[in-house]
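query-v8.txt, holding compact mmCIF, C-alpha atoms:
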```txt
# COMPACT_ATOMS: atom_id res chain seq x y z
CA MET A 568 -5.78 -5.53 19.88
CA LYS A 569 -8.49 -7.93 20.98
CA THR A 570 -10.98 -6.19 18.70
CA LEU A 571 -8.99 -7.30 15.66
CA GLU A 572 -8.95 -11.01 16.46
CA LYS A 573 -10.65 -13.07 13.73
CA LYS A 574 -11.08 -10.04 11.47
CA ARG A 575 -10.60 -11.04 7.83
CA ALA A 576 -8.01 -8.99 5.93
CA LEU A 577 -6.67 -8.96 2.37
CA VAL A 578 -3.25 -7.43 1.71
CA THR A 579 -2.02 -6.96 -1.87
CA GLY A 580 1.64 -6.76 -2.81
CA ALA A 581 2.27 -9.06 0.14
CA ALA A 582 5.36 -10.98 -0.98
CA SER A 583 7.89 -8.38 0.17
CA GLY A 584 8.44 -4.99 1.75
CA ILE A 585 5.52 -3.13 3.27
CA GLY A 586 2.93 -5.76 2.34
CA LEU A 587 4.94 -8.53 3.95
CA ALA A 588 5.35 -6.51 7.15
CA ILE A 589 1.62 -5.73 7.29
CA VAL A 590 0.69 -9.39 6.89
CA HIS A 591 3.00 -10.38 9.74
CA GLU A 592 1.67 -7.60 11.97
CA PHE A 593 -1.96 -8.47 11.22
CA HIS A 594 -1.27 -12.16 11.83
CA ALA A 595 0.32 -11.30 15.19
CA GLN A 596 -2.88 -9.46 16.11
CA GLY A 597 -4.91 -12.63 15.52
CA MET A 598 -6.42 -11.56 12.22
CA GLN A 599 -7.29 -14.01 9.46
CA VAL A 600 -5.02 -12.74 6.73
CA ILE A 601 -5.08 -13.32 2.99
CA ALA A 602 -1.78 -12.45 1.30
CA SER A 603 -1.85 -11.70 -2.41
CA ASP A 604 0.93 -11.10 -4.93
CA MET A 605 1.70 -12.04 -8.53
CA SER A 606 3.73 -15.18 -7.90
CA ALA A 607 2.23 -18.22 -6.17
CA THR A 608 5.75 -19.63 -5.83
CA ARG A 609 7.05 -16.53 -4.10
CA LEU A 610 4.05 -16.45 -1.75
CA ALA A 611 4.67 -20.09 -0.83
CA GLU A 612 8.32 -19.35 -0.09
CA VAL A 613 7.51 -16.34 2.08
CA TYR A 614 4.58 -17.78 4.02
CA GLY A 615 5.49 -21.46 4.18
CA ALA A 616 6.13 -21.15 7.91
CA LEU A 617 2.80 -19.37 8.44
CA PRO A 618 0.15 -21.85 7.31
CA ALA A 619 -2.53 -19.70 8.94
CA VAL A 620 -1.94 -17.08 6.24
CA ARG A 621 -3.94 -17.85 3.11
CA CYS A 622 -2.13 -17.08 -0.14
CA LEU A 623 -3.87 -16.00 -3.34
CA ALA A 624 -1.78 -15.23 -6.42
CA ALA A 625 -3.25 -12.54 -8.67
CA ASP A 626 -1.97 -10.34 -11.47
CA LEU A 627 -3.51 -6.96 -10.68
CA SER A 628 -2.59 -5.67 -14.13
CA LYS A 629 -5.53 -7.68 -15.46
CA GLN A 630 -9.01 -6.51 -14.46
CA ASP A 631 -10.47 -10.02 -14.73
CA ALA A 632 -7.81 -11.29 -12.31
CA VAL A 633 -8.68 -8.54 -9.84
CA ALA A 634 -12.33 -9.51 -9.97
CA GLN A 635 -11.42 -13.15 -9.43
CA LEU A 636 -9.24 -12.23 -6.45
CA ALA A 637 -12.17 -10.39 -4.89
CA ARG A 638 -14.42 -13.42 -5.36
CA GLU A 639 -11.86 -15.86 -3.95
CA ALA A 640 -11.08 -13.65 -0.95
CA GLY A 641 -14.75 -13.47 0.03
CA PRO A 642 -16.15 -11.14 2.70
CA LEU A 643 -13.52 -8.88 4.23
CA ASP A 644 -13.29 -6.68 7.28
CA VAL A 645 -10.01 -5.07 6.24
CA LEU A 646 -8.62 -4.31 2.78
CA VAL A 647 -5.06 -3.07 2.29
CA ASN A 648 -4.29 -1.88 -1.23
CA ASN A 649 -0.51 -2.00 -1.20
CA ALA A 650 0.65 -3.42 -4.54
CA GLY A 651 2.71 -1.04 -6.62
CA LEU A 652 5.51 -0.59 -9.11
CA GLN A 653 7.57 2.23 -10.58
CA HIS A 654 8.71 3.39 -14.01
CA VAL A 655 10.93 6.44 -14.47
CA SER A 656 10.96 8.31 -17.77
CA PRO A 657 10.47 11.81 -19.20
CA ILE A 658 6.88 12.35 -20.29
CA GLU A 659 7.73 12.58 -23.97
CA LYS A 660 9.38 9.16 -23.81
CA PHE A 661 6.93 7.52 -21.39
CA GLU A 662 5.52 4.39 -23.01
CA GLN A 663 1.73 4.17 -23.16
CA ALA A 664 1.87 0.53 -22.06
CA LYS A 665 3.83 1.49 -18.94
CA TRP A 666 1.35 4.26 -18.15
CA ASP A 667 -1.58 1.87 -18.52
CA LEU A 668 0.14 -0.74 -16.33
CA LEU A 669 0.86 1.60 -13.42
CA ILE A 670 -2.59 3.19 -13.49
CA GLN A 671 -4.26 -0.23 -13.57
CA VAL A 672 -2.24 -1.74 -10.72
CA MET A 673 -2.19 1.28 -8.41
CA LEU A 674 -5.53 2.96 -9.07
CA THR A 675 -8.00 0.86 -11.03
CA ALA A 676 -7.32 -2.38 -9.13
CA PRO A 677 -7.78 -0.68 -5.72
CA PHE A 678 -11.06 0.79 -7.00
CA GLN A 679 -12.20 -2.64 -8.15
CA LEU A 680 -11.37 -4.27 -4.80
CA ILE A 681 -13.01 -1.48 -2.81
CA GLN A 682 -16.10 -1.74 -5.00
CA ALA A 683 -16.22 -5.48 -4.31
CA VAL A 684 -15.78 -5.38 -0.53
CA LEU A 685 -17.81 -2.32 0.46
CA PRO A 686 -21.27 -3.96 0.24
CA GLY A 687 -20.26 -6.61 2.77
CA MET A 688 -18.80 -3.97 5.07
CA TYR A 689 -22.08 -2.07 4.87
CA GLU A 690 -23.99 -5.22 5.80
CA ARG A 691 -21.78 -5.84 8.85
CA SER A 692 -21.47 -2.13 9.72
CA TRP A 693 -17.70 -2.43 10.14
CA GLY A 694 -14.74 -2.08 7.85
CA ARG A 695 -11.30 -0.64 7.37
CA ILE A 696 -9.81 0.26 3.97
CA ILE A 697 -6.17 1.28 3.90
CA ASN A 698 -4.56 2.50 0.71
CA VAL A 699 -0.78 2.48 0.81
CA SER A 700 -0.04 5.63 -1.14
CA SER A 701 3.18 7.63 -0.98
CA VAL A 702 4.52 11.08 -0.31
CA HIS A 703 4.12 11.26 -4.08
CA GLY A 704 0.39 11.09 -3.56
CA LEU A 705 0.73 14.61 -2.14
CA ILE A 706 3.58 16.14 -4.15
CA ALA A 707 5.29 15.46 -7.47
CA SER A 708 8.76 14.57 -8.68
CA PRO A 709 10.07 14.67 -12.26
CA PHE A 710 10.03 11.58 -14.48
CA LYS A 711 7.39 9.73 -12.45
CA SER A 712 4.23 10.87 -14.24
CA ALA A 713 2.29 7.60 -14.02
CA TYR A 714 3.29 6.84 -10.44
CA VAL A 715 2.49 10.35 -9.21
CA SER A 716 -0.80 10.40 -11.12
CA ALA A 717 -1.84 7.02 -9.74
CA LYS A 718 -0.96 7.98 -6.18
CA HIS A 719 -2.73 11.34 -6.45
CA GLY A 720 -5.74 9.48 -7.84
CA MET A 721 -5.59 7.09 -4.91
CA MET A 722 -5.82 10.06 -2.55
CA GLY A 723 -8.97 11.28 -4.30
CA LEU A 724 -10.44 7.78 -4.19
CA THR A 725 -9.64 7.52 -0.47
CA LYS A 726 -11.57 10.72 0.27
CA VAL A 727 -14.60 9.74 -1.81
CA VAL A 728 -14.80 6.30 -0.18
CA ALA A 729 -14.51 7.88 3.27
CA LEU A 730 -17.42 10.23 2.56
CA GLU A 731 -19.66 7.57 1.08
CA ALA A 732 -18.89 4.98 3.77
CA GLY A 733 -19.21 7.50 6.59
CA ALA A 734 -22.72 8.33 5.44
CA ARG A 735 -23.66 4.65 5.57
CA SER A 736 -21.95 3.47 8.76
CA ARG A 737 -20.30 4.91 11.85
CA ASN A 738 -17.55 2.32 11.81
CA ILE A 739 -16.24 2.07 8.27
CA THR A 740 -13.15 4.13 7.49
CA CYS A 741 -10.86 4.66 4.53
CA ASN A 742 -7.40 6.17 4.87
CA ALA A 743 -4.16 6.44 2.93
CA ILE A 744 -0.66 5.97 4.32
CA CYS A 745 1.87 8.24 2.62
CA PRO A 746 5.46 7.28 3.40
CA SER A 747 8.66 8.63 1.93
CA TYR A 748 11.43 6.12 1.20
CA VAL A 749 10.90 2.79 2.97
CA ARG A 750 13.60 0.15 3.43
CA THR A 751 12.36 -2.29 0.80
CA PRO A 752 14.31 -4.49 -1.62
CA LEU A 753 13.66 -1.96 -4.40
CA VAL A 754 15.13 0.90 -2.38
CA GLU A 755 18.04 -1.16 -1.08
CA LYS A 756 19.00 -1.94 -4.69
CA GLN A 757 18.97 1.77 -5.48
CA LEU A 758 21.74 2.40 -2.93
CA ALA A 759 24.37 0.58 -4.98
CA ASP A 760 23.06 1.95 -8.29
CA GLN A 761 23.01 5.55 -7.04
CA SER A 762 26.49 5.12 -5.54
CA LYS A 763 27.87 4.24 -8.96
CA ALA A 764 25.88 6.90 -10.78
CA HIS A 765 26.96 9.73 -8.48
CA GLY A 766 30.45 8.49 -7.73
CA ILE A 767 29.98 8.59 -3.97
CA PRO A 768 30.30 5.90 -1.27
CA GLU A 769 27.18 3.78 -0.80
CA ASN A 770 26.87 4.88 2.83
CA GLU A 771 26.42 8.49 1.62
CA VAL A 772 23.65 7.80 -0.89
CA LEU A 773 20.80 8.00 1.59
CA GLU A 774 21.59 11.46 2.90
CA LYS A 775 22.96 13.00 -0.29
CA VAL A 776 20.56 11.51 -2.84
CA LEU A 777 17.44 9.69 -1.59
CA LEU A 778 16.82 11.58 1.64
CA THR A 779 17.70 15.11 0.58
CA GLN A 780 14.12 16.27 1.20
CA ASN A 781 13.76 14.58 4.58
CA ALA A 782 14.23 16.55 7.79
CA ILE A 783 15.23 13.26 9.47
CA LYS A 784 17.75 11.42 7.32
CA ARG A 785 16.53 7.86 7.86
CA LEU A 786 14.72 5.24 5.86
CA ILE A 787 11.35 4.18 7.18
CA GLU A 788 11.16 0.52 8.20
CA PRO A 789 8.34 -1.60 6.71
CA GLU A 790 7.37 -2.67 10.23
CA GLU A 791 6.73 0.97 11.14
CA VAL A 792 4.26 1.32 8.27
CA ALA A 793 2.63 -1.93 9.42
CA GLN A 794 2.21 -0.56 12.93
CA LEU A 795 0.37 2.49 11.60
CA ALA A 796 -1.84 0.26 9.44
CA THR A 797 -2.73 -1.79 12.51
CA PHE A 798 -3.57 1.32 14.50
CA LEU A 799 -5.89 2.53 11.75
CA CYS A 800 -7.74 -0.79 11.97
CA GLY A 801 -8.43 -0.39 15.69
CA GLU A 802 -11.67 0.77 17.25
CA GLY A 803 -9.92 3.86 18.62
CA ALA A 804 -9.25 5.07 15.07
CA TRP A 805 -12.93 5.31 14.09
CA SER A 806 -12.71 9.11 13.76
CA ILE A 807 -9.74 8.97 11.39
CA THR A 808 -11.08 8.69 7.87
CA GLY A 809 -10.42 10.29 4.51
CA THR A 810 -6.93 11.23 5.62
CA ALA A 811 -3.40 11.13 4.24
CA GLN A 812 -1.30 9.70 7.04
CA GLN A 813 2.10 11.22 6.31
CA MET A 814 5.17 9.19 7.24
CA ASP A 815 7.60 11.46 5.42
CA ALA A 816 10.28 12.26 8.06
CA GLY A 817 9.53 15.95 7.58
CA TRP A 818 9.71 15.98 3.76
CA LEU A 819 6.54 18.08 3.41
CA ALA A 820 7.46 20.43 6.25
CA HIS A 821 9.56 22.51 3.80
```
In structure tokens, what does this structure look like?
Amino acid sequence: MKTLEKKRALVTGAASGIGLAIVHEFHAQGMQVIASDMSATRLAEVYGALPAVRCLAADLSKQDAVAQLAREAGPLDVLVNNAGLQHVSPIEKFEQAKWDLLIQVMLTAPFQLIQAVLPGMYERSWGRIINVSSVHGLIASPFKSAYVSAKHGMMGLTKVVALEAGARSRNITCNAICPSYVRTPLVEKQLADQSKAHGIPENEVLEKVLLTQNAIKRLIEPEEVAQLATFLCGEGAWSITGTAQQMDAGWLAH
């Protein structure tokens, strides 16, 4: 998309999975991309062959580090809040520290970054904010109280930002992408673990365990999420704002 050339974008959680795919897709579109993740070493390994991508290490679990990331990134046209993590536990055994960590990384940090970049978007009358949520931003599953709460909160934040930004500019949007299981290193590792836990062949884990709710029994590829993110950045997507873009292979059609 010619309209995206030279646009400045920040992508969090960019060292693997969905974030990595989004950075590559944005770079291919001619955008000036800033990739952020916790480890400077890992970022250097991943983007060593792409010197045009600027790398900024930041620990989003610390509010001061989030604020510093926003300052170092500078004015942005596109913000992708993608960083996330998971912790599975019954509520009565869920550690407070784990709850605080997930809420900070997946809800408070996105709020902080949005708060930092919106004034510049208002000044330039253009901006795209994309929050990588989850199907769990729309429904719940047991034992994932912090993750589900953070993702539901992200959906509420997405809608509020869309309303406020829409009242200020005709070309600033905020949307959430809500995928079901995506082929990431975390999910790939689960295949072997679930195979052992359920006593079934690894090639049956997807359909019989992870994808039981999906109408289409396939993992989503990170590149497919990146393609949707790129579309949402385009001029033709100006009317799409405040939405949950479901990529759930029919999960929520039940």
Mind listing as a VMD selection string all residues within 7 Å of (-6.1, -9.8, 15.0), counting all atoms listed in the file? chain A and resid 568 to 569 571 to 574 593 to 598
If you count all atoms listed in the file, which residues fall within 10 Å of A:Lys784, apart from same-chain ones fewer than 2 positions away, as a PDB file with C-alpha atoms, keeping the file's coordinate frame?
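To be explicit, this is the file written out as around19.pdb:
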```pdb
ATOM      1  CA  LEU A 773      20.800   8.000   1.590  1.00  0.00           C
ATOM      2  CA  GLU A 774      21.590  11.460   2.900  1.00  0.00           C
ATOM      3  CA  LYS A 775      22.960  13.000  -0.290  1.00  0.00           C
ATOM      4  CA  LEU A 777      17.440   9.690  -1.590  1.00  0.00           C
ATOM      5  CA  LEU A 778      16.820  11.580   1.640  1.00  0.00           C
ATOM      6  CA  THR A 779      17.700  15.110   0.580  1.00  0.00           C
ATOM      7  CA  GLN A 780      14.120  16.270   1.200  1.00  0.00           C
ATOM      8  CA  ASN A 781      13.760  14.580   4.580  1.00  0.00           C
ATOM      9  CA  ALA A 782      14.230  16.550   7.790  1.00  0.00           C
ATOM     10  CA  LEU A 786      14.720   5.240   5.860  1.00  0.00           C
ATOM     11  CA  ILE A 787      11.350   4.180   7.180  1.00  0.00           C
ATOM     12  CA  ALA A 816      10.280  12.260   8.060  1.00  0.00           C
ATOM     13  CA  GLY A 817       9.530  15.950   7.580  1.00  0.00           C
ATOM     14  CA  TRP A 818       9.710  15.980   3.760  1.00  0.00           C
TER      15      TRP A 818
END
```
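The residue that comes closest to A:Leu758, out of A:Ala734, A:Val727, A:Val772, A:Val792 and on the basis of all atoms listed in the file, is A:Val772.
With all atoms listed in the file as the atoms that count, the residue of A:Gly720, A:Ser736, A:Ile670, A:Ser708 with the shortest distance to A:Lys629 is A:Ile670.
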Within 12 Å of (3.4, 19.5, 4.1), in the coordinates the file gives, what residues turn up when you count all atoms listed in the file, written out as a VMD selection string? chain A and resid 702 to 706 745 780 to 782 811 to 821
Distance in Å - atom CA of A:Leu577 versus atom CA of A:Gly615: 17.5 Å
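Of note, atom CA of A:Asn698 and atom CA of A:Asn742 are spaced 6.2 Å apart.
Distance-wise, atom CA of A:Ile744 and atom CA of A:Gln635 end up 25.9 Å apart.
If you measure from each of A:Thr751, A:Ser701, A:Gln599, A:Lys763 to A:Ala582 using only C-alpha atoms, the closest one turns out to be A:Thr751.
Distances from A:Ala637, A:Ile739, A:Met688, A:Ile807 to A:Ile601 were compared using all atoms listed in the file, and the smallest one belongs to A:Ala637.
The residue that comes closest to A:Ala664, out of A:Tyr748, A:Leu643, A:Pro677, A:Ser628 and on the basis of all atoms listed in the file, is A:Ser628.
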